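Colleague: Pasting run_23.txt below, which is compact mmCIF, C-alpha atoms and all ligand atoms.
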```txt
# COMPACT_ATOMS: atom_id res chain seq x y z
CA MET A 685 -2.85 3.73 64.95
CA GLY A 686 -3.50 6.34 67.68
CA GLU A 687 -5.50 3.84 69.73
CA TYR A 688 -2.42 1.68 70.41
CA ARG A 689 0.26 2.27 73.03
CA ASN A 690 2.92 -0.46 72.72
CA ILE A 691 4.00 -1.65 69.28
CA VAL A 692 6.36 -4.36 68.08
CA VAL A 693 7.26 -4.37 64.38
CA LEU A 694 8.98 -7.43 62.83
CA THR A 695 10.68 -7.10 59.45
CA GLY A 696 12.17 -9.60 57.02
CA ALA A 697 13.98 -9.65 53.71
CA GLY A 698 10.94 -8.29 51.86
CA ILE A 699 11.35 -4.79 53.32
CA SER A 700 14.87 -4.60 51.88
CA ALA A 701 13.87 -6.10 48.52
CA GLU A 702 12.97 -2.71 47.10
CA SER A 703 16.34 -1.35 48.17
CA GLY A 704 17.85 -3.91 45.83
CA LEU A 705 18.86 -6.60 48.37
CA LYS A 706 17.79 -10.11 47.34
CA THR A 707 15.33 -11.96 49.59
CA PHE A 708 16.02 -15.53 50.72
CA ARG A 709 13.21 -16.76 48.51
CA ASP A 710 14.79 -15.21 45.40
CA ASN A 711 16.57 -17.97 43.43
CA ASN A 712 14.62 -20.34 45.74
CA GLY A 713 16.88 -19.56 48.66
CA LEU A 714 19.99 -20.52 46.77
CA TRP A 715 23.38 -18.84 46.76
CA GLU A 716 25.97 -20.01 44.21
CA LYS A 717 24.14 -23.37 44.07
CA HIS A 718 24.30 -23.77 47.88
CA ARG A 719 21.12 -23.79 49.98
CA VAL A 720 21.30 -20.83 52.37
CA GLU A 721 20.35 -23.11 55.25
CA GLU A 722 23.49 -25.13 54.46
CA VAL A 723 25.85 -22.15 54.41
CA ALA A 724 24.35 -20.22 57.35
CA THR A 725 25.23 -22.85 59.98
CA PRO A 726 28.05 -23.39 62.51
CA GLU A 727 28.70 -26.78 60.89
CA ALA A 728 29.31 -25.14 57.50
CA PHE A 729 31.68 -22.62 59.10
CA GLU A 730 33.55 -25.48 60.81
CA ALA A 731 33.72 -27.59 57.64
CA ASN A 732 34.35 -24.89 55.06
CA PRO A 733 35.11 -21.51 56.64
CA THR A 734 36.32 -20.06 53.33
CA LEU A 735 32.90 -20.64 51.72
CA VAL A 736 31.07 -19.08 54.68
CA TYR A 737 33.44 -16.08 54.93
CA GLN A 738 32.93 -15.58 51.17
CA PHE A 739 29.09 -15.78 51.49
CA TYR A 740 29.09 -12.95 54.02
CA ASN A 741 31.87 -10.93 52.38
CA GLN A 742 29.81 -10.84 49.19
CA ARG A 743 26.64 -9.75 50.98
CA ARG A 744 28.54 -7.17 53.09
CA ALA A 745 30.12 -5.75 49.92
CA GLN A 746 26.59 -5.29 48.50
CA LEU A 747 25.79 -2.91 51.39
CA LYS A 748 28.59 -0.58 50.25
CA ASP A 749 26.92 -0.13 46.85
CA SER A 750 25.69 3.47 46.80
CA ALA A 751 22.57 2.24 44.99
CA ILE A 752 21.53 0.27 48.11
CA THR A 753 19.70 2.85 50.25
CA PRO A 754 16.74 2.82 52.66
CA ASN A 755 13.43 2.80 50.75
CA PRO A 756 10.12 4.55 51.68
CA ALA A 757 9.13 1.57 53.86
CA HIS A 758 12.26 1.93 56.03
CA LEU A 759 11.76 5.70 56.23
CA ALA A 760 8.07 5.37 57.13
CA LEU A 761 8.97 3.12 60.08
CA ALA A 762 11.61 5.60 61.28
CA ASP A 763 8.99 8.38 61.14
CA LEU A 764 6.43 6.22 62.95
CA GLU A 765 8.94 5.59 65.75
CA LYS A 766 9.68 9.33 66.09
CA ALA A 767 5.96 10.14 66.39
CA TRP A 768 5.09 7.13 68.57
CA LYS A 769 3.88 8.07 72.10
CA GLY A 770 4.16 4.65 73.84
CA SER A 771 6.83 1.95 73.59
CA PHE A 772 8.19 1.12 70.10
CA LEU A 773 10.40 -1.85 69.22
CA LEU A 774 11.55 -2.76 65.71
CA VAL A 775 12.80 -6.36 65.53
CA THR A 776 14.47 -7.20 62.24
CA GLN A 777 15.52 -10.58 60.86
CA ASN A 778 17.60 -8.71 58.30
CA VAL A 779 21.35 -8.48 58.71
CA ASP A 780 21.68 -5.36 56.53
CA ASP A 781 21.95 -1.86 58.07
CA LEU A 782 19.07 -0.20 56.23
CA HIS A 783 16.82 0.33 59.28
CA GLN A 784 19.69 1.93 61.18
CA ARG A 785 20.58 4.09 58.17
CA SER A 786 16.95 5.22 57.82
CA GLY A 787 16.99 6.68 61.37
CA SER A 788 15.23 3.90 63.31
CA VAL A 789 16.60 3.86 66.88
CA ASN A 790 15.01 1.03 68.89
CA VAL A 791 16.14 -1.71 66.49
CA VAL A 792 16.91 -5.30 67.52
CA PRO A 793 18.82 -7.09 64.73
CA MET A 794 17.86 -10.54 66.11
CA HIS A 795 19.88 -12.45 63.49
CA GLY A 796 23.00 -10.30 63.83
CA GLN A 797 24.58 -7.81 61.43
CA LEU A 798 26.77 -8.12 58.33
CA ASN A 799 28.82 -5.10 59.46
CA GLN A 800 29.91 -6.78 62.70
CA ALA A 801 32.34 -9.62 63.46
CA ARG A 802 32.74 -11.65 66.66
CA CYS A 803 36.07 -12.78 68.18
CA LEU A 804 36.20 -16.59 68.27
CA ASN A 805 38.17 -16.47 71.51
CA SER A 806 36.48 -13.76 73.60
CA GLY A 807 33.13 -13.29 71.82
CA ASN A 808 33.79 -9.55 71.62
CA VAL A 809 31.92 -7.91 68.73
CA SER A 810 33.59 -5.31 66.51
CA ASP A 811 32.38 -3.11 63.67
CA ILE A 812 33.90 -4.27 60.39
CA SER A 813 31.91 -1.97 58.08
CA GLY A 814 35.21 -0.25 57.22
CA VAL A 815 37.14 -3.51 56.82
CA GLY A 816 34.61 -5.11 54.46
CA VAL A 817 36.24 -8.49 53.80
CA ILE A 818 37.22 -10.90 56.59
CA ASP A 819 38.68 -14.39 56.50
CA ALA A 820 40.54 -16.77 58.82
CA ARG A 821 43.57 -14.46 58.76
CA THR A 822 41.65 -11.38 59.98
CA LEU A 823 42.63 -11.14 63.62
CA CYS A 824 40.78 -9.52 66.51
CA SER A 825 42.18 -6.55 68.41
CA CYS A 826 40.90 -7.76 71.79
CA CYS A 827 43.07 -10.78 72.64
CA ASN A 828 46.71 -11.57 73.13
CA PRO A 829 47.60 -13.70 71.27
CA GLN A 830 45.09 -12.39 68.71
CA SER A 831 42.28 -14.67 67.54
CA ALA A 832 40.38 -15.19 64.31
CA MET A 833 36.84 -13.84 64.04
CA ARG A 834 33.49 -14.98 62.61
CA PRO A 835 30.64 -13.00 61.08
CA ASP A 836 28.36 -11.69 63.91
CA ILE A 837 25.45 -13.51 62.31
CA VAL A 838 22.97 -15.88 64.04
CA TRP A 839 23.15 -19.13 62.07
CA PHE A 840 20.53 -21.87 61.91
CA GLY A 841 20.71 -23.80 65.18
CA GLU A 842 21.98 -20.75 67.10
CA ILE A 843 19.93 -18.67 69.53
CA PRO A 844 18.82 -15.28 68.15
CA GLN A 845 20.10 -12.15 69.89
CA GLN A 846 18.17 -10.20 72.59
CA MET A 847 15.38 -12.81 72.85
CA GLY A 848 14.55 -11.70 76.43
CA ARG A 849 14.00 -8.11 75.29
CA ILE A 850 11.89 -9.26 72.34
CA GLU A 851 9.70 -11.62 74.42
CA GLN A 852 9.16 -8.91 77.03
CA ALA A 853 8.05 -6.41 74.35
CA LEU A 854 5.75 -8.99 72.73
CA SER A 855 4.08 -9.70 76.10
CA GLN A 856 3.18 -6.02 76.50
CA ALA A 857 2.35 -5.17 72.88
CA ASP A 858 -1.16 -4.13 71.96
CA ILE A 859 -0.25 -4.12 68.27
CA PHE A 860 2.17 -6.39 66.34
CA VAL A 861 3.03 -5.64 62.71
CA SER A 862 4.89 -8.15 60.49
CA ILE A 863 6.46 -6.67 57.34
CA GLY A 864 8.16 -8.45 54.42
CA THR A 865 8.69 -11.86 55.95
CA SER A 866 7.57 -15.29 54.75
CA GLY A 867 7.23 -16.43 58.36
CA GLN A 868 9.18 -19.64 57.78
CA VAL A 869 12.02 -19.16 60.28
CA TYR A 870 11.54 -19.64 64.02
CA PRO A 871 11.39 -18.23 66.62
CA ALA A 872 10.49 -15.07 64.61
CA ALA A 873 7.69 -16.95 62.84
CA GLY A 874 6.03 -17.53 66.22
CA PHE A 875 5.97 -13.88 67.35
CA ALA A 876 2.54 -13.03 65.89
CA ALA A 877 0.87 -15.90 67.77
CA LEU A 878 2.71 -14.93 70.99
CA ALA A 879 1.53 -11.31 70.71
CA SER A 880 -2.01 -12.34 69.78
CA GLU A 881 -2.25 -14.66 72.82
CA LYS A 882 -1.50 -11.62 74.98
CA GLY A 883 -4.29 -9.68 73.32
CA ALA A 884 -2.38 -7.73 70.68
CA HIS A 885 -3.94 -6.79 67.37
CA THR A 886 -1.79 -8.43 64.66
CA VAL A 887 -1.22 -7.12 61.13
CA GLU A 888 0.67 -8.55 58.15
CA LEU A 889 2.12 -6.29 55.45
CA ASN A 890 3.69 -8.33 52.68
CA LEU A 891 3.92 -8.72 48.91
CA GLU A 892 1.68 -11.77 49.17
CA GLN A 893 -0.40 -13.38 51.94
CA THR A 894 1.59 -15.95 53.95
CA SER A 895 0.38 -18.96 55.91
CA GLY A 896 0.60 -16.95 59.14
CA SER A 897 -2.66 -15.94 60.87
CA PHE A 898 -3.17 -12.21 61.47
CA HIS A 899 -6.19 -10.08 62.40
CA GLN A 900 -5.52 -7.80 59.39
CA GLY A 901 -3.48 -7.99 56.17
CA PHE A 902 -2.35 -5.49 53.53
CA TYR A 903 -0.60 -6.80 50.45
CA GLY A 904 1.68 -5.19 47.86
CA PRO A 905 5.22 -3.80 47.59
CA ALA A 906 6.49 -2.56 50.96
CA SER A 907 7.35 0.89 49.57
CA ASP A 908 3.66 1.38 48.79
CA ILE A 909 1.82 -0.35 51.63
CA VAL A 910 4.01 0.58 54.63
CA PRO A 911 3.81 4.39 54.17
CA GLU A 912 0.05 4.02 53.57
CA PHE A 913 -0.36 1.91 56.72
CA VAL A 914 1.55 4.24 59.02
CA ALA A 915 -0.05 7.43 57.63
C1 LIG B 1 16.76 -21.40 66.92
C2 LIG B 1 20.99 -14.93 59.36
C3 LIG B 1 16.74 -22.35 69.10
C4 LIG B 1 21.69 -15.76 58.36
C5 LIG B 1 18.97 -16.22 59.56
C6 LIG B 1 11.74 -27.32 62.19
C7 LIG B 1 10.58 -26.64 62.53
C8 LIG B 1 10.62 -25.40 63.14
C9 LIG B 1 11.84 -24.78 63.42
C10 LIG B 1 13.00 -25.45 63.07
C11 LIG B 1 12.95 -26.71 62.47
N1 LIG B 1 14.22 -27.10 62.25
C12 LIG B 1 15.06 -26.15 62.71
C13 LIG B 1 14.33 -25.16 63.22
C14 LIG B 1 14.82 -23.92 63.83
C15 LIG B 1 15.30 -22.98 62.75
C16 LIG B 1 14.24 -22.73 61.70
O1 LIG B 1 13.29 -22.03 61.93
N2 LIG B 1 14.46 -23.35 60.52
C17 LIG B 1 13.53 -23.16 59.43
C18 LIG B 1 14.29 -23.20 58.11
C19 LIG B 1 12.47 -24.27 59.52
N3 LIG B 1 15.59 -21.74 63.43
C20 LIG B 1 16.79 -21.55 63.97
O2 LIG B 1 17.71 -22.33 63.89
C21 LIG B 1 16.91 -20.29 64.80
N4 LIG B 1 17.44 -20.63 66.10
O3 LIG B 1 15.69 -21.89 66.66
O4 LIG B 1 17.44 -21.59 68.11
C22 LIG B 1 16.25 -21.42 70.15
C23 LIG B 1 15.46 -20.32 69.79
C24 LIG B 1 15.00 -19.48 70.79
C25 LIG B 1 15.34 -19.72 72.11
C26 LIG B 1 16.14 -20.82 72.44
C27 LIG B 1 16.60 -21.69 71.45
C28 LIG B 1 17.88 -19.32 64.17
C29 LIG B 1 17.34 -18.87 62.85
C30 LIG B 1 18.22 -17.74 62.33
C31 LIG B 1 18.86 -18.14 61.03
N5 LIG B 1 19.52 -16.99 60.46
N6 LIG B 1 19.57 -15.11 59.12
C32 LIG B 1 21.90 -15.00 57.09
O5 LIG B 1 21.20 -13.98 56.86
O6 LIG B 1 22.72 -15.46 56.31
S1 LIG B 1 17.46 -16.60 58.96
C33 LIG B 1 17.26 -15.81 57.47
O7 LIG B 1 16.25 -16.47 56.77
C34 LIG B 1 16.76 -14.42 57.60
O8 LIG B 1 17.31 -13.72 58.66
C35 LIG B 1 15.28 -14.59 57.72
O9 LIG B 1 14.92 -14.77 59.07
C36 LIG B 1 15.05 -15.87 57.00
C37 LIG B 1 14.41 -15.58 55.70
O10 LIG B 1 13.15 -15.15 56.02
P1 LIG B 1 12.52 -13.82 55.42
O11 LIG B 1 13.22 -12.64 55.98
O12 LIG B 1 11.08 -13.94 55.66
O13 LIG B 1 12.84 -13.86 53.89
P2 LIG B 1 12.11 -14.71 52.78
O14 LIG B 1 12.89 -14.55 51.52
O15 LIG B 1 11.82 -16.08 53.31
O16 LIG B 1 10.69 -13.99 52.61
C38 LIG B 1 10.63 -12.68 52.08
C39 LIG B 1 9.18 -12.24 52.15
O17 LIG B 1 9.11 -10.91 51.64
C40 LIG B 1 8.28 -13.09 51.29
O18 LIG B 1 7.10 -13.41 52.02
C41 LIG B 1 7.93 -12.19 50.11
O19 LIG B 1 6.59 -12.37 49.65
C42 LIG B 1 8.08 -10.82 50.69
N7 LIG B 1 8.51 -9.80 49.72
C43 LIG B 1 9.34 -9.96 48.66
N8 LIG B 1 9.48 -8.77 48.03
C44 LIG B 1 8.72 -7.86 48.71
C45 LIG B 1 8.10 -8.52 49.79
N9 LIG B 1 7.27 -7.90 50.63
C46 LIG B 1 7.05 -6.58 50.42
N10 LIG B 1 7.60 -5.87 49.40
C47 LIG B 1 8.44 -6.48 48.53
N11 LIG B 1 8.98 -5.78 47.53
```
If you convert what's in this file into structure tokens, what do you get?
Ligand code: BV8
Modeller:
Amino acid sequence: MGEYRNIVVLTGAGISAESGLKTFRDNNGLWEKHRVEEVATPEAFEANPTLVYQFYNQRRAQLKDSAITPNPAHLALADLEKAWKGSFLLVTQNVDDLHQRSGSVNVVPMHGQLNQARCLNSGNVSDISGVGVIDARTLCSCCNPQSAMRPDIVWFGEIPQQMGRIEQALSQADIFVSIGTSGQVYPAAGFAALASEKGAHTVELNLEQTSGSFHQGFYGPASDIVPEFVA
């Protein structure tokens, strides 16, 4: 990897699978008989806030399980960033905190974070990792009168976070590495093509080959193939 200067790494649910967090494709993308795409939307939150609060409360509670820890793939990326000489950006579609807990620093959680909530009145974001469970009665501390909050998650139909920063990094990357993502959700699914158009070498590391086109591919469990790739 020494021949590259500017790297963008994109991760998806597959990198957290070996830490024990279910991917979206597990149970065919279903949660309690609901399609994830139906629960992770502003319309669902409007129509049935209790269901949506519950969906995220359950997933946030999973993060508190001491058995859920960064795996060798997360740690290998944190080490790669520490040793990297040029610019390094880790863009994750995951809403868990495993990259941050593994020591990665330049992380863009483009689909938001389970451990954060956003005030419905002011848009202010607060850390709720200590609170754990939120619902319509959980009030912000930023407004008077206080307002309810929503999970700080990017739902389907909403614009992902820090897109300007991501697009800028992709335009300057000379290597793009996609790890543990099925490449079915846009705009993330389009990042490899964007980077390749600008001349970047593109690599896919995944359990199985996806329909995405990459210059190189390595396939197997992330905990095996990511440490090997970065070595
Ligand atoms: C937007 C937070 C406009 C929620 C998420 C029709 C065509 C094209 C696009 C669209 C369309 N209709 C609608 C759209 C847009 C839509 C979209 O792409 N829909 C899809 C379903 C077609 N996108 C949006 O709405 C986005 N917003 O487009 O706004 C815009 C954009 C830019 C600028 C201006 C305007 C917003 C999308 C964000 C949705 N929120 N997450 C939550 O978490 O609850 S998406 C959510 O699903 C995840 O974050 C993730 O991104 C996605 C799941 O994908 P993966 O992470 O890849 O997970 P998956 O299970 O699918 O795959 C896991 C992979 O790991 C597999 O390949 C597997 O083989 C591998 N694996 C498994 N185990 C392992 C492993 N690999 C290694 N080791 C293992 N052990």
Colleague: Between atom O10 of ligand LIG 1 (chain B) and CA of Arg849 (chain A), what is the distance in Å, rounded to a tenth?
Modeller: 20.5 Å
Colleague: For a quick check of understanding, using all atoms listed in the file, which of A:Tyr870, A:Trp839, A:Phe739, A:Phe729 has the smallest distance to Lys717 (chain A)?
Modeller: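 Using all atoms listed in the file, Lys717 (chain A) sits closest to A:Phe739.
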Colleague: Name the residues, by chain letter and number, that sit within 6 Å of ligand LIG 1 (chain B) using only C-alpha atoms and all ligand atoms, and give them as a VMD selection string.
Modeller: chain A and resid 696 to 699 701 to 702 707 to 709 724 777 to 779 795 837 to 844 864 to 871 890 to 892 905 to 906
Colleague: Figure out the distance between CA of Ser895 (chain A) and CA of Val792 (chain A), please, to one decimal in Å.
Modeller: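 Those two atoms sit 24.4 Å apart.
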Colleague: Please identify all polymer residues within 12 Å of Thr776 (chain A), counting only C-alpha atoms, omitting same-chain residues fewer than 6 positions from it, and present them as a ChimeraX atom specification.
Modeller: /A:692-700,758,761,782-784,788,790-797,844-846,850,861-865,872-873,875
Colleague: Go ahead and dump the residues you just picked, C-alpha atoms, as a compact mmCIF listing (two decimals), keeping the file's coordinate frame.
Modeller:
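Below is the file that was written, out13.txt:
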```txt
# COMPACT_ATOMS: atom_id res chain seq x y z
CA VAL A 692 6.36 -4.36 68.08
CA VAL A 693 7.26 -4.37 64.38
CA LEU A 694 8.98 -7.43 62.83
CA THR A 695 10.68 -7.10 59.45
CA GLY A 696 12.17 -9.60 57.02
CA ALA A 697 13.98 -9.65 53.71
CA GLY A 698 10.94 -8.29 51.86
CA ILE A 699 11.35 -4.79 53.32
CA SER A 700 14.87 -4.60 51.88
CA HIS A 758 12.26 1.93 56.03
CA LEU A 761 8.97 3.12 60.08
CA LEU A 782 19.07 -0.20 56.23
CA HIS A 783 16.82 0.33 59.28
CA GLN A 784 19.69 1.93 61.18
CA SER A 788 15.23 3.90 63.31
CA ASN A 790 15.01 1.03 68.89
CA VAL A 791 16.14 -1.71 66.49
CA VAL A 792 16.91 -5.30 67.52
CA PRO A 793 18.82 -7.09 64.73
CA MET A 794 17.86 -10.54 66.11
CA HIS A 795 19.88 -12.45 63.49
CA GLY A 796 23.00 -10.30 63.83
CA GLN A 797 24.58 -7.81 61.43
CA PRO A 844 18.82 -15.28 68.15
CA GLN A 845 20.10 -12.15 69.89
CA GLN A 846 18.17 -10.20 72.59
CA ILE A 850 11.89 -9.26 72.34
CA VAL A 861 3.03 -5.64 62.71
CA SER A 862 4.89 -8.15 60.49
CA ILE A 863 6.46 -6.67 57.34
CA GLY A 864 8.16 -8.45 54.42
CA THR A 865 8.69 -11.86 55.95
CA ALA A 872 10.49 -15.07 64.61
CA ALA A 873 7.69 -16.95 62.84
CA PHE A 875 5.97 -13.88 67.35
```
Colleague: Quick one: residues within 12 Å of Pro829 (chain A), only C-alpha atoms counted, chain neighbours fewer than 6 positions away excluded, as a compact mmCIF listing (two decimals) with C-alpha atoms, keeping the file's coordinate frame?
Modeller:
```
# COMPACT_ATOMS: atom_id res chain seq x y z
CA CYS A 803 36.07 -12.78 68.18
CA ASN A 805 38.17 -16.47 71.51
CA SER A 806 36.48 -13.76 73.60
CA LEU A 823 42.63 -11.14 63.62
```
Colleague: Any idea what the distance is between CA of Cys826 (chain A) and CA of Ser810 (chain A)?
Modeller: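 We find that CA of Cys826 (chain A) and CA of Ser810 (chain A) lie 9.3 Å from each other.
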Colleague: Determine the nearest neighbour of Ile818 (chain A) from the options A:Gly787, A:Gly883, A:Gly874, A:Pro733, counting all atoms listed in the file.
Modeller: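 Comparing A:Gly787, A:Gly883, A:Gly874, A:Pro733 against Ile818 (chain A), the winner is A:Pro733.
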